[in-house]
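One file, final_33.pdb, is given below (PDB, C-alpha atoms).
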ATOM      1  CA  MET F   1       3.039  28.440 -26.744
ATOM      2  CA  PRO F   2       5.871  25.905 -27.229
ATOM      3  CA  ASP F   3       8.150  26.507 -30.183
ATOM      4  CA  GLU F   4       7.202  23.233 -31.868
ATOM      5  CA  ALA F   5       3.494  24.132 -31.725
ATOM      6  CA  ALA F   6       4.134  27.609 -33.094
ATOM      7  CA  ALA F   7       6.207  26.203 -35.973
ATOM      8  CA  GLU F   8       3.229  24.126 -37.150
ATOM      9  CA  THR F   9       0.665  26.925 -36.856
ATOM     10  CA  PRO F  10      -0.656  28.272 -40.182
ATOM     11  CA  PRO F  11      -0.907  32.076 -40.521
ATOM     12  CA  ALA F  12      -4.704  32.279 -40.180
ATOM     13  CA  LEU F  13      -4.693  30.300 -36.943
ATOM     14  CA  GLU F  14      -1.709  32.280 -35.675
ATOM     15  CA  SER F  15      -3.706  35.454 -36.308
ATOM     16  CA  LEU F  16      -6.654  34.083 -34.321
ATOM     17  CA  LEU F  17      -4.377  33.056 -31.440
ATOM     18  CA  ASP F  18      -2.886  36.557 -31.426
ATOM     19  CA  LEU F  19      -6.424  37.928 -31.221
ATOM     20  CA  LEU F  20      -7.030  35.862 -28.080
ATOM     21  CA  ASP F  21      -3.736  36.874 -26.473
ATOM     22  CA  LEU F  22      -5.055  39.917 -24.618
ATOM     23  CA  GLU F  23      -2.839  42.772 -23.493
ATOM     24  CA  PRO F  24      -2.864  43.365 -19.701
ATOM     25  CA  ILE F  25      -3.166  47.112 -19.067
ATOM     26  CA  ASP F  26      -3.850  47.076 -15.309
ATOM     27  CA  ARG F  27      -4.850  44.634 -12.596
ATOM     28  CA  ASP F  28      -7.837  42.688 -13.918
ATOM     29  CA  ILE F  29      -8.113  44.930 -16.987
ATOM     30  CA  PHE F  30      -7.203  43.677 -20.454
ATOM     31  CA  ARG F  31      -7.340  45.034 -23.971
ATOM     32  CA  GLY F  32      -8.156  43.095 -27.109
ATOM     33  CA  LEU F  33      -8.188  43.941 -30.792
ATOM     34  CA  SER F  34     -10.676  42.854 -33.437
ATOM     35  CA  ARG F  35     -10.512  41.866 -37.054
ATOM     36  CA  SER F  36     -12.980  42.380 -39.855
ATOM     37  CA  ALA F  37     -15.884  39.952 -39.841
ATOM     38  CA  VAL F  38     -18.316  38.788 -42.482
ATOM     39  CA  VAL F  39     -20.815  41.329 -41.116
ATOM     40  CA  PRO F  40     -20.009  44.982 -40.265
ATOM     41  CA  ARG F  41     -19.597  44.410 -36.543
ATOM     42  CA  VAL F  42     -17.354  42.433 -34.220
ATOM     43  CA  PHE F  43     -18.039  38.685 -34.415
ATOM     44  CA  GLY F  44     -19.824  37.642 -31.222
ATOM     45  CA  GLY F  45     -17.750  34.493 -30.808
ATOM     46  CA  GLN F  46     -14.611  36.637 -30.724
ATOM     47  CA  VAL F  47     -15.913  38.826 -27.893
ATOM     48  CA  ALA F  48     -17.092  35.794 -25.903
ATOM     49  CA  ALA F  49     -13.750  34.014 -26.338
ATOM     50  CA  GLN F  50     -11.731  37.116 -25.419
ATOM     51  CA  ALA F  51     -13.885  37.712 -22.336
ATOM     52  CA  LEU F  52     -13.305  34.118 -21.230
ATOM     53  CA  VAL F  53      -9.556  34.608 -21.761
ATOM     54  CA  ALA F  54      -9.693  37.695 -19.533
ATOM     55  CA  ALA F  55     -11.563  35.818 -16.815
ATOM     56  CA  GLY F  56      -9.199  32.845 -17.031
ATOM     57  CA  ARG F  57      -6.133  35.061 -16.634
ATOM     58  CA  THR F  58      -7.298  35.869 -13.065
ATOM     59  CA  VAL F  59      -7.948  32.241 -12.035
ATOM     60  CA  PRO F  60      -5.459  29.608 -10.777
ATOM     61  CA  GLU F  61      -4.386  27.283 -13.615
ATOM     62  CA  GLU F  62      -5.662  24.168 -11.840
ATOM     63  CA  ARG F  63      -9.231  25.461 -12.041
ATOM     64  CA  GLY F  64     -10.803  24.857 -15.421
ATOM     65  CA  ALA F  65     -13.781  26.709 -16.882
ATOM     66  CA  HIS F  66     -16.985  24.725 -16.404
ATOM     67  CA  SER F  67     -19.629  27.251 -17.498
ATOM     68  CA  LEU F  68     -20.273  30.691 -18.940
ATOM     69  CA  HIS F  69     -23.360  32.846 -19.341
ATOM     70  CA  ALA F  70     -23.231  35.922 -21.540
ATOM     71  CA  TYR F  71     -25.296  38.745 -23.005
ATOM     72  CA  PHE F  72     -24.530  40.618 -26.202
ATOM     73  CA  LEU F  73     -25.539  44.204 -25.386
ATOM     74  CA  ARG F  74     -24.411  46.344 -28.335
ATOM     75  CA  PRO F  75     -22.757  45.731 -31.713
ATOM     76  CA  GLY F  76     -18.972  45.921 -31.425
ATOM     77  CA  ASP F  77     -16.890  48.304 -33.541
ATOM     78  CA  PRO F  78     -14.232  46.208 -35.359
ATOM     79  CA  GLY F  79     -12.056  49.294 -35.788
ATOM     80  CA  ALA F  80     -11.629  50.006 -32.075
ATOM     81  CA  PRO F  81      -9.964  48.074 -29.216
ATOM     82  CA  ILE F  82     -12.163  46.355 -26.631
ATOM     83  CA  VAL F  83     -11.376  46.762 -22.925
ATOM     84  CA  TYR F  84     -12.262  43.798 -20.691
ATOM     85  CA  GLN F  85     -12.829  44.579 -17.021
ATOM     86  CA  VAL F  86     -12.783  41.552 -14.712
ATOM     87  CA  ASP F  87     -14.587  41.510 -11.363
ATOM     88  CA  ARG F  88     -13.410  38.814  -8.933
ATOM     89  CA  ILE F  89     -16.813  37.790  -7.588
ATOM     90  CA  ARG F  90     -15.756  34.800  -5.500
ATOM     91  CA  ASP F  91     -12.813  32.515  -4.803
ATOM     92  CA  GLY F  92     -14.036  29.446  -2.958
ATOM     93  CA  ARG F  93     -12.366  26.196  -2.004
ATOM     94  CA  SER F  94     -13.549  24.434  -5.176
ATOM     95  CA  PHE F  95     -15.120  27.114  -7.377
ATOM     96  CA  THR F  96     -14.082  30.512  -8.696
ATOM     97  CA  THR F  97     -16.536  32.997 -10.188
ATOM     98  CA  ARG F  98     -15.681  35.935 -12.427
ATOM     99  CA  ARG F  99     -17.697  38.655 -14.106
ATOM    100  CA  VAL F 100     -16.353  40.388 -17.225
ATOM    101  CA  VAL F 101     -17.661  43.527 -18.920
ATOM    102  CA  ALA F 102     -16.419  44.382 -22.419
ATOM    103  CA  VAL F 103     -16.321  48.129 -23.065
ATOM    104  CA  GLN F 104     -15.961  50.160 -26.265
ATOM    105  CA  HIS F 105     -16.318  53.927 -26.668
ATOM    106  CA  GLY F 106     -17.264  54.181 -22.993
ATOM    107  CA  GLN F 107     -20.199  51.760 -23.271
ATOM    108  CA  ALA F 108     -20.640  48.124 -22.287
ATOM    109  CA  ILE F 109     -21.089  45.953 -25.376
ATOM    110  CA  PHE F 110     -20.934  42.508 -23.744
ATOM    111  CA  HIS F 111     -21.322  40.944 -20.301
ATOM    112  CA  LEU F 112     -20.057  37.523 -19.220
ATOM    113  CA  SER F 113     -20.212  35.489 -16.017
ATOM    114  CA  ALA F 114     -17.897  32.487 -15.886
ATOM    115  CA  SER F 115     -17.305  29.798 -13.288
ATOM    116  CA  PHE F 116     -14.182  27.691 -12.816
ATOM    117  CA  GLN F 117     -13.741  24.501 -10.792
ATOM    118  CA  THR F 118     -10.946  22.367  -9.421
ATOM    119  CA  HIS F 119     -11.203  18.925 -11.036
ATOM    120  CA  GLU F 120     -12.907  16.281  -8.921
ATOM    121  CA  ALA F 121     -14.390  12.818  -9.421
ATOM    122  CA  GLY F 122     -18.154  12.313  -9.385
ATOM    123  CA  LEU F 123     -21.171  10.600 -10.944
ATOM    124  CA  GLU F 124     -20.933  10.021 -14.708
ATOM    125  CA  HIS F 125     -23.517   9.701 -17.480
ATOM    126  CA  GLN F 126     -24.157  11.396 -20.811
ATOM    127  CA  GLU F 127     -26.478  11.633 -23.808
ATOM    128  CA  PRO F 128     -25.152   9.281 -26.511
ATOM    129  CA  MET F 129     -23.485  10.826 -29.529
ATOM    130  CA  PRO F 130     -25.818  10.960 -32.568
ATOM    131  CA  TYR F 131     -24.764   9.502 -35.882
ATOM    132  CA  ALA F 132     -22.725  11.693 -38.200
ATOM    133  CA  PRO F 133     -20.530  10.760 -41.178
ATOM    134  CA  ASP F 134     -16.773  10.983 -40.801
ATOM    135  CA  PRO F 135     -15.542  14.562 -41.253
ATOM    136  CA  GLU F 136     -12.964  13.546 -43.869
ATOM    137  CA  THR F 137     -15.813  12.462 -46.161
ATOM    138  CA  LEU F 138     -17.355  15.966 -46.109
ATOM    139  CA  PRO F 139     -16.285  18.959 -48.225
ATOM    140  CA  SER F 140     -14.269  21.767 -46.694
ATOM    141  CA  ALA F 141     -15.357  25.390 -47.099
ATOM    142  CA  GLU F 142     -12.853  25.773 -49.953
ATOM    143  CA  GLU F 143     -14.446  22.815 -51.746
ATOM    144  CA  LEU F 144     -18.104  23.563 -50.986
ATOM    145  CA  LEU F 145     -18.545  27.313 -51.376
ATOM    146  CA  PRO F 146     -16.993  28.134 -54.788
ATOM    147  CA  ALA F 147     -19.212  25.517 -56.385
ATOM    148  CA  HIS F 148     -22.251  27.532 -55.240
ATOM    149  CA  ALA F 149     -21.000  31.052 -55.961
ATOM    150  CA  ALA F 150     -23.966  31.722 -58.273
ATOM    151  CA  THR F 151     -26.301  31.325 -55.278
ATOM    152  CA  PHE F 152     -25.264  34.694 -53.868
ATOM    153  CA  ALA F 153     -26.156  38.091 -55.324
ATOM    154  CA  ASP F 154     -23.027  39.578 -53.726
ATOM    155  CA  PRO F 155     -19.943  38.157 -55.493
ATOM    156  CA  THR F 156     -17.783  38.781 -52.386
ATOM    157  CA  ILE F 157     -19.815  36.472 -50.116
ATOM    158  CA  VAL F 158     -17.892  33.294 -50.951
ATOM    159  CA  ASP F 159     -14.500  34.865 -50.256
ATOM    160  CA  ARG F 160     -15.781  36.383 -47.015
ATOM    161  CA  LEU F 161     -17.171  33.055 -45.812
ATOM    162  CA  ILE F 162     -13.934  31.251 -46.676
ATOM    163  CA  GLU F 163     -11.878  33.923 -44.928
ATOM    164  CA  ALA F 164     -14.037  33.585 -41.786
ATOM    165  CA  ARG F 165     -13.183  29.862 -41.753
ATOM    166  CA  ALA F 166      -9.485  30.219 -42.550
ATOM    167  CA  ALA F 167      -8.397  29.367 -38.986
ATOM    168  CA  VAL F 168     -11.036  26.693 -38.365
ATOM    169  CA  ASP F 169     -11.912  23.786 -40.646
ATOM    170  CA  LEU F 170     -15.720  23.691 -40.430
ATOM    171  CA  ARG F 171     -17.588  21.043 -42.421
ATOM    172  CA  TYR F 172     -21.372  20.792 -42.767
ATOM    173  CA  VAL F 173     -22.956  17.355 -42.618
ATOM    174  CA  ALA F 174     -25.889  18.625 -44.739
ATOM    175  CA  ALA F 175     -26.197  21.737 -46.881
ATOM    176  CA  PRO F 176     -26.080  24.946 -44.800
ATOM    177  CA  PRO F 177     -29.169  27.197 -44.813
ATOM    178  CA  PHE F 178     -27.636  29.762 -47.174
ATOM    179  CA  LEU F 179     -27.516  27.083 -49.894
ATOM    180  CA  THR F 180     -31.118  25.893 -49.459
ATOM    181  CA  ALA F 181     -33.059  29.159 -48.979
ATOM    182  CA  GLY F 182     -36.751  28.676 -49.707
ATOM    183  CA  VAL F 183     -36.745  25.021 -48.621
ATOM    184  CA  VAL F 184     -38.215  24.268 -45.184
ATOM    185  CA  ARG F 185     -36.200  21.573 -43.417
ATOM    186  CA  GLU F 186     -36.006  19.864 -40.045
ATOM    187  CA  PRO F 187     -34.654  22.383 -37.485
ATOM    188  CA  ARG F 188     -31.425  20.485 -36.968
ATOM    189  CA  SER F 189     -27.879  21.039 -38.201
ATOM    190  CA  GLN F 190     -24.576  19.254 -37.701
ATOM    191  CA  VAL F 191     -21.043  20.453 -38.378
ATOM    192  CA  TRP F 192     -17.630  19.020 -37.642
ATOM    193  CA  PHE F 193     -14.900  21.484 -36.712
ATOM    194  CA  ARG F 194     -11.289  21.703 -35.589
ATOM    195  CA  THR F 195      -8.564  24.310 -35.805
ATOM    196  CA  ARG F 196      -6.334  24.216 -38.884
ATOM    197  CA  GLY F 197      -3.206  23.392 -36.935
ATOM    198  CA  LYS F 198      -2.025  22.048 -33.604
ATOM    199  CA  LEU F 199      -2.514  24.000 -30.387
ATOM    200  CA  ALA F 200      -0.502  24.284 -27.200
ATOM    201  CA  GLU F 201      -1.262  22.106 -24.177
ATOM    202  CA  ASP F 202      -3.408  24.785 -22.531
ATOM    203  CA  PRO F 203      -6.944  23.668 -21.517
ATOM    204  CA  LEU F 204      -8.198  27.270 -21.329
ATOM    205  CA  LEU F 205      -7.080  27.900 -24.910
ATOM    206  CA  HIS F 206      -9.053  24.911 -26.201
ATOM    207  CA  VAL F 207     -12.147  26.009 -24.262
ATOM    208  CA  CYS F 208     -11.847  29.567 -25.601
ATOM    209  CA  LEU F 209     -11.494  28.371 -29.204
ATOM    210  CA  ALA F 210     -14.592  26.190 -28.839
ATOM    211  CA  THR F 211     -16.377  29.262 -27.476
ATOM    212  CA  TYR F 212     -15.256  31.210 -30.553
ATOM    213  CA  VAL F 213     -16.606  28.580 -32.960
ATOM    214  CA  SER F 214     -19.822  27.998 -31.007
ATOM    215  CA  ASP F 215     -21.286  31.302 -32.271
ATOM    216  CA  MET F 216     -20.698  30.524 -35.954
ATOM    217  CA  THR F 217     -23.581  28.174 -36.787
ATOM    218  CA  LEU F 218     -25.829  27.691 -33.743
ATOM    219  CA  LEU F 219     -28.804  29.619 -35.145
ATOM    220  CA  ASP F 220     -28.691  27.757 -38.478
ATOM    221  CA  SER F 221     -31.298  25.319 -37.186
ATOM    222  CA  VAL F 222     -33.731  28.214 -36.617
ATOM    223  CA  LEU F 223     -33.298  29.315 -40.235
ATOM    224  CA  LEU F 224     -33.790  25.791 -41.574
ATOM    225  CA  ALA F 225     -37.199  25.512 -39.893
ATOM    226  CA  HIS F 226     -38.438  28.474 -41.949
ATOM    227  CA  GLY F 227     -36.559  28.018 -45.212
ATOM    228  CA  ARG F 228     -34.447  31.102 -44.588
ATOM    229  CA  GLY F 229     -30.896  31.476 -45.839
ATOM    230  CA  GLY F 230     -29.598  34.036 -43.360
ATOM    231  CA  TRP F 231     -27.435  37.145 -43.710
ATOM    232  CA  ALA F 232     -25.561  35.800 -46.752
ATOM    233  CA  VAL F 233     -28.830  35.586 -48.666
ATOM    234  CA  GLY F 234     -30.390  38.663 -47.078
ATOM    235  CA  ASP F 235     -33.765  37.151 -46.174
ATOM    236  CA  VAL F 236     -33.326  37.755 -42.429
ATOM    237  CA  VAL F 237     -31.440  40.182 -40.221
ATOM    238  CA  GLY F 238     -30.369  39.406 -36.701
ATOM    239  CA  ALA F 239     -27.741  39.105 -34.017
ATOM    240  CA  SER F 240     -26.845  36.963 -31.015
ATOM    241  CA  LEU F 241     -28.639  38.009 -27.830
ATOM    242  CA  ASP F 242     -27.387  35.667 -25.140
ATOM    243  CA  HIS F 243     -25.161  32.605 -24.976
ATOM    244  CA  ALA F 244     -24.502  29.895 -22.401
ATOM    245  CA  MET F 245     -22.038  27.004 -22.348
ATOM    246  CA  TRP F 246     -21.276  24.161 -19.952
ATOM    247  CA  PHE F 247     -17.929  22.358 -20.299
ATOM    248  CA  HIS F 248     -18.411  18.770 -19.151
ATOM    249  CA  ARG F 249     -15.268  16.888 -20.140
ATOM    250  CA  PRO F 250     -11.784  17.719 -21.432
ATOM    251  CA  PHE F 251     -11.370  18.074 -25.197
ATOM    252  CA  ARG F 252      -8.985  19.450 -27.772
ATOM    253  CA  ALA F 253     -10.120  22.079 -30.276
ATOM    254  CA  ASP F 254      -7.438  20.907 -32.732
ATOM    255  CA  GLU F 255      -9.125  17.485 -33.001
ATOM    256  CA  TRP F 256     -12.458  16.884 -34.730
ATOM    257  CA  LEU F 257     -15.513  17.881 -32.691
ATOM    258  CA  LEU F 258     -19.130  17.275 -33.722
ATOM    259  CA  TYR F 259     -21.438  20.257 -33.161
ATOM    260  CA  ASP F 260     -24.967  18.805 -33.074
ATOM    261  CA  GLN F 261     -27.510  21.670 -33.126
ATOM    262  CA  GLU F 262     -31.292  22.030 -33.096
ATOM    263  CA  SER F 263     -33.954  24.680 -32.508
ATOM    264  CA  PRO F 264     -36.890  23.947 -30.180
ATOM    265  CA  SER F 265     -38.590  27.328 -30.632
ATOM    266  CA  ALA F 266     -38.808  30.659 -32.441
ATOM    267  CA  SER F 267     -41.178  33.469 -31.467
ATOM    268  CA  GLY F 268     -41.291  37.194 -30.793
ATOM    269  CA  GLY F 269     -38.532  37.942 -33.278
ATOM    270  CA  ARG F 270     -36.208  35.570 -31.436
ATOM    271  CA  GLY F 271     -34.951  32.067 -32.197
ATOM    272  CA  LEU F 272     -33.525  29.550 -29.735
ATOM    273  CA  GLY F 273     -30.711  27.154 -30.587
ATOM    274  CA  THR F 274     -29.503  24.301 -28.390
ATOM    275  CA  ALA F 275     -26.497  22.110 -29.082
ATOM    276  CA  ARG F 276     -24.058  19.512 -27.848
ATOM    277  CA  ILE F 277     -20.406  19.202 -28.793
ATOM    278  CA  TYR F 278     -18.937  15.685 -28.895
ATOM    279  CA  THR F 279     -15.398  14.451 -29.296
ATOM    280  CA  ARG F 280     -14.834  12.104 -32.205
ATOM    281  CA  ASP F 281     -14.767   9.095 -29.866
ATOM    282  CA  GLY F 282     -18.244   9.959 -28.543
ATOM    283  CA  ARG F 283     -17.636  11.851 -25.303
ATOM    284  CA  LEU F 284     -20.055  14.708 -24.592
ATOM    285  CA  ALA F 285     -17.705  17.662 -24.086
ATOM    286  CA  VAL F 286     -19.891  20.798 -24.126
ATOM    287  CA  SER F 287     -23.552  21.837 -24.006
ATOM    288  CA  VAL F 288     -24.557  25.140 -25.615
ATOM    289  CA  ILE F 289     -27.706  27.293 -25.679
ATOM    290  CA  GLN F 290     -28.132  30.559 -27.550
ATOM    291  CA  GLU F 291     -30.995  32.893 -28.329
ATOM    292  CA  GLY F 292     -30.724  35.242 -31.262
ATOM    293  CA  LEU F 293     -32.639  38.119 -32.749
ATOM    294  CA  ILE F 294     -34.049  36.990 -36.098
ATOM    295  CA  ARG F 295     -36.233  39.408 -38.060
ATOM    296  CA  VAL F 296     -37.640  39.219 -41.558
ATOM    297  CA  PRO F 297     -36.761  42.482 -43.375
ATOM    298  CA  ARG F 298     -39.671  44.722 -44.324
ATOM    299  CA  ARG F 299     -40.037  45.182 -48.050
TER     300      ARG F 299
END
Let me see whether you can do it: turn the structure in this file into structure tokens.
Amino acid sequence: MPDEAAAETPPALESLLDLLDLEPIDRDIFRGLSRSAVVPRVFGGQVAAQALVAAGRTVPEERGAHSLHAYFLRPGDPGAPIVYQVDRIRDGRSFTTRRVVAVQHGQAIFHLSASFQTHEAGLEHQEPMPYAPDPETLPSAEELLPAHAATFADPTIVDRLIEARAAVDLRYVAAPPFLTAGVVREPRSQVWFRTRGKLAEDPLLHVCLATYVSDMTLLDSVLLAHGRGGWAVGDVVGASLDHAMWFHRPFRADEWLLYDQESPSASGGRGLGTARIYTRDGRLAVSVIQEGLIRVPRR
């Protein structure tokens, strides 16, 4: 990272960037650390982002990530390092394919397949960007959450939620599900997000940070459809099961991005979330799909 970028980086973002800066321990083998999350396991977005970093470290710089497909296999232990083993599946003339397995305590906890492509011109069209208010008109986590502290039975929830957003400024367009538990709403959610500080001119870094954030709110739309508040309220338990992303156009994670999310289905103890990420000027940058385990606790 250039010195001028590092000088402007706040501590929380610097800590996240350090988390994504994996240690090479052998050819195509990397080690990453974790940090405490708002739930007692490794945050899924962290594992996905680190795995994409590991894959990208084995790919020529001129080939950018265009898709990833991942499965969350076991809960990660935040107190132990994660080893990422990269398999070089294919190196073609235009595309490169990598498979990454994340291992802890001798067991696979996460599996990712990622594809990279040399930039080329082609046909162009996109779904138009939906309406959303300007992000500067919306409250930050530090402004929104303390005002609703009485909503949560656990007095530590607000601080934990704010800490989880210390590196990323994430602003809800409408009230998040944990503030409207018991009210059934349309299964759609929008958030604006960007990192709290400038990033280096590294396309892979911006893609990996968007991957990190993409796991934060995608299943909110499932909860809204059933008036559930989520883990912070304690009316459901769950975890991410699988995750897919397609990177359509260049973007910067340190500039405002609109995460437009909806849920077309929930059944069998699982909920499906689909989303699109737009740049502020309306370009469709990323498409995202995730299925999560969502169970109502037995009384």
Checklist entry - In Å to one decimal, how far is CA of Ala108 in chain F from CA of Leu17 in chain F? => result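 Computing it gives 24.0 Å between the two atoms.
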Item to check | Residues selected by the PyMOL selection byres ((chain F and resi 123-127) around 12), written as JSON, numbers by chain | outcome: {"F": [120, 121, 122, 128, 129, 130, 248, 249, 260, 275, 276, 277, 278, 282, 283, 284, 285, 286, 287]}
Item to check | Between CA of Gly32 in chain F and CA of Ser113 in chain F - distance in Å to one decimal | outcome: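 Computing it gives 18.1 Å between the two atoms.
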Checklist entry - Which of these residues is nearest to Arg185 in chain F, using all atoms listed in the file: F:Val158, F:Leu223, F:Ala244, F:Ala167? => result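 Of F:Val158, F:Leu223, F:Ala244, F:Ala167, the one nearest Arg185 in chain F, counting all atoms listed in the file, is F:Leu223.
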Next on the checklist: Using all atoms listed in the file, which protein or nucleic acid residues come within 12 Å of Ile162 in chain F? Drop anything in the same chain fewer than 6 positions from it, and give the result as a list in words.
Outcome noted: Ala12, Ala37, Val38, Ser140, Ala141, Glu142, Glu143, Leu144, Leu145, Pro146, Ala149, Thr156, Val168, Asp169, Leu170 and Arg171 of chain F
Checklist entry - Hey, what's within 12 Å of Thr180 in chain F if we count all atoms listed in the file and toss same-chain stuff fewer than 5 positions away? As a ChimeraX atom specification, please? => result /F:148,151-152,174-175,185,220,223-230,232-233
Checklist entry - Separation of CA of Asp254 in chain F and CA of Phe193 in chain F, in Å? => result 8.5 Å
Checklist entry - For Thr137 in chain F, which of F:Met245, F:Ala49, F:Val173, F:Leu22 is the closest residue, counting only C-alpha atoms? => result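 Once distances to Thr137 in chain F are computed over only C-alpha atoms, the minimum belongs to F:Val173.
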List as a tab-separated table every residue of range 229-272 of chain F that is in contact with range 200-218 of chain F, defined as an atom at most 12 Å from one of its atoms (using all atoms listed in the file), together with the nearest atom pair and the distance in Å rounded to one decimal, sorted by chain and then rising number.
residue	atom	partner	partner_atom	distance
F:Gly230	CA	F:Thr217	CA	10.7
F:Trp231	CA	F:Thr217	CA	12.0
F:Ala239	CA	F:Asp215	CA	10.3
F:Ser240	CA	F:Asp215	CA	8.0
F:Leu241	CA	F:Asp215	CA	10.9
F:Asp242	CA	F:Asp215	CA	10.4
F:His243	CA	F:Asp215	CA	8.4
F:Ala244	CA	F:Thr211	CA	9.6
F:Met245	CA	F:Thr211	CA	8.0
F:Trp246	CA	F:Val207	CA	10.3
F:Phe247	CA	F:Val207	CA	7.9
F:His248	CA	F:Val207	CA	10.9
F:Arg249	CA	F:Val207	CA	10.5
F:Pro250	CA	F:Pro203	CA	7.7
F:Phe251	CA	F:His206	CA	7.3
F:Arg252	CA	F:His206	CA	5.7
F:Ala253	CA	F:His206	CA	5.1
F:Asp254	CA	F:His206	CA	7.8
F:Glu255	CA	F:His206	CA	10.1
F:Trp256	CA	F:Ala210	CA	11.2
F:Leu257	CA	F:Ala210	CA	9.2
F:Leu258	CA	F:Ser214	CA	11.1
F:Tyr259	CA	F:Ser214	CA	8.2
F:Asp260	CA	F:Leu218	CA	9.0
F:Gln261	CA	F:Leu218	CA	6.3
F:Glu262	CA	F:Leu218	CA	7.9
F:Ser263	CA	F:Leu218	CA	8.8
F:Gly271	CA	F:Leu218	CA	10.2
F:Leu272	CA	F:Leu218	CA	8.9
Next on the checklist: Please expand the PyMOL selection byres ((chain F and resi 70) around 12) into the concrete residues it hits in this file, giving the result as a PyMOL selection string.
Outcome noted: chain F and resi 44-45+47-49+51-52+67-69+71-73+98-102+109-115+211+215+240-245+288-291
Selected residues written out with C-alpha atoms, as a compact mmCIF listing (two decimals), keeping the file's coordinate frame:
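Writing the result to out_26.txt gives the following:
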# COMPACT_ATOMS: atom_id res chain seq x y z
CA GLY F 44 -19.82 37.64 -31.22
CA GLY F 45 -17.75 34.49 -30.81
CA VAL F 47 -15.91 38.83 -27.89
CA ALA F 48 -17.09 35.79 -25.90
CA ALA F 49 -13.75 34.01 -26.34
CA ALA F 51 -13.88 37.71 -22.34
CA LEU F 52 -13.30 34.12 -21.23
CA SER F 67 -19.63 27.25 -17.50
CA LEU F 68 -20.27 30.69 -18.94
CA HIS F 69 -23.36 32.85 -19.34
CA TYR F 71 -25.30 38.74 -23.00
CA PHE F 72 -24.53 40.62 -26.20
CA LEU F 73 -25.54 44.20 -25.39
CA ARG F 98 -15.68 35.94 -12.43
CA ARG F 99 -17.70 38.66 -14.11
CA VAL F 100 -16.35 40.39 -17.23
CA VAL F 101 -17.66 43.53 -18.92
CA ALA F 102 -16.42 44.38 -22.42
CA ILE F 109 -21.09 45.95 -25.38
CA PHE F 110 -20.93 42.51 -23.74
CA HIS F 111 -21.32 40.94 -20.30
CA LEU F 112 -20.06 37.52 -19.22
CA SER F 113 -20.21 35.49 -16.02
CA ALA F 114 -17.90 32.49 -15.89
CA SER F 115 -17.30 29.80 -13.29
CA THR F 211 -16.38 29.26 -27.48
CA ASP F 215 -21.29 31.30 -32.27
CA SER F 240 -26.84 36.96 -31.02
CA LEU F 241 -28.64 38.01 -27.83
CA ASP F 242 -27.39 35.67 -25.14
CA HIS F 243 -25.16 32.60 -24.98
CA ALA F 244 -24.50 29.90 -22.40
CA MET F 245 -22.04 27.00 -22.35
CA VAL F 288 -24.56 25.14 -25.62
CA ILE F 289 -27.71 27.29 -25.68
CA GLN F 290 -28.13 30.56 -27.55
CA GLU F 291 -31.00 32.89 -28.33
Run the PyMOL selection byres ((chain F and resi 76) around 8) against the file shown and list the residues it catches, as a short mmCIF file (atom, residue, chain, number, x, y, z; two decimals) with C-alpha atoms, in the frame of the given file.
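Now in part_26.cif:
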data_model
loop_
_atom_site.label_atom_id
_atom_site.label_comp_id
_atom_site.auth_asym_id
_atom_site.auth_seq_id
_atom_site.Cartn_x
_atom_site.Cartn_y
_atom_site.Cartn_z
CA ARG F 41 -19.60 44.41 -36.54
CA VAL F 42 -17.35 42.43 -34.22
CA PHE F 43 -18.04 38.68 -34.42
CA ARG F 74 -24.41 46.34 -28.34
CA PRO F 75 -22.76 45.73 -31.71
CA ASP F 77 -16.89 48.30 -33.54
CA PRO F 78 -14.23 46.21 -35.36
CA GLN F 104 -15.96 50.16 -26.26
CA ILE F 109 -21.09 45.95 -25.38
#
Item to check | Selected residue, from F:Thr97, F:Ser15, F:Ser265, F:Thr195, that lies nearest to Val222 in chain F when counting all atoms listed in the file | outcome: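 Closest to Val222 in chain F, using all atoms listed in the file: F:Ser265.
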Item to check | Counting all atoms listed in the file, the residue of F:Gly197, F:Pro24, F:Pro81, F:Gly238 that sits nearest Arg57 in chain F | outcome: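 Smallest distance to Arg57 in chain F is found for F:Pro24.
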Checklist entry - Restricting the calculation to all atoms listed in the file, which member of F:Ile157, F:Ala166, F:Ala132, F:Leu19 is positioned closest to Arg196 in chain F? => result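 Of all the options, F:Ala166 lies closest to Arg196 in chain F.
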Next on the checklist: Taking 3 positions as the minimum chain separation for residues in the same chain, which residues sit within 7 Å of Gly64 in chain F when counting all atoms listed in the file? Answer as a PyMOL selection string.
Outcome noted: chain F and resi 116-118+204
Please, what is the axis-aligned box for every listed atom of range 264-282 of chain F with 4 Å on each side, as centre and edge lengths in Å to one decimal, as JSON?
{"center_x": -28.0, "center_y": 23.5, "center_z": -30.6, "size_x": 34.5, "size_y": 36.8, "size_z": 13.4}
Item to check | Answer as a count of residues only, residues within 9 Å of (-6.9, 45.5, -16.7) using all atoms listed in the file | outcome: 14
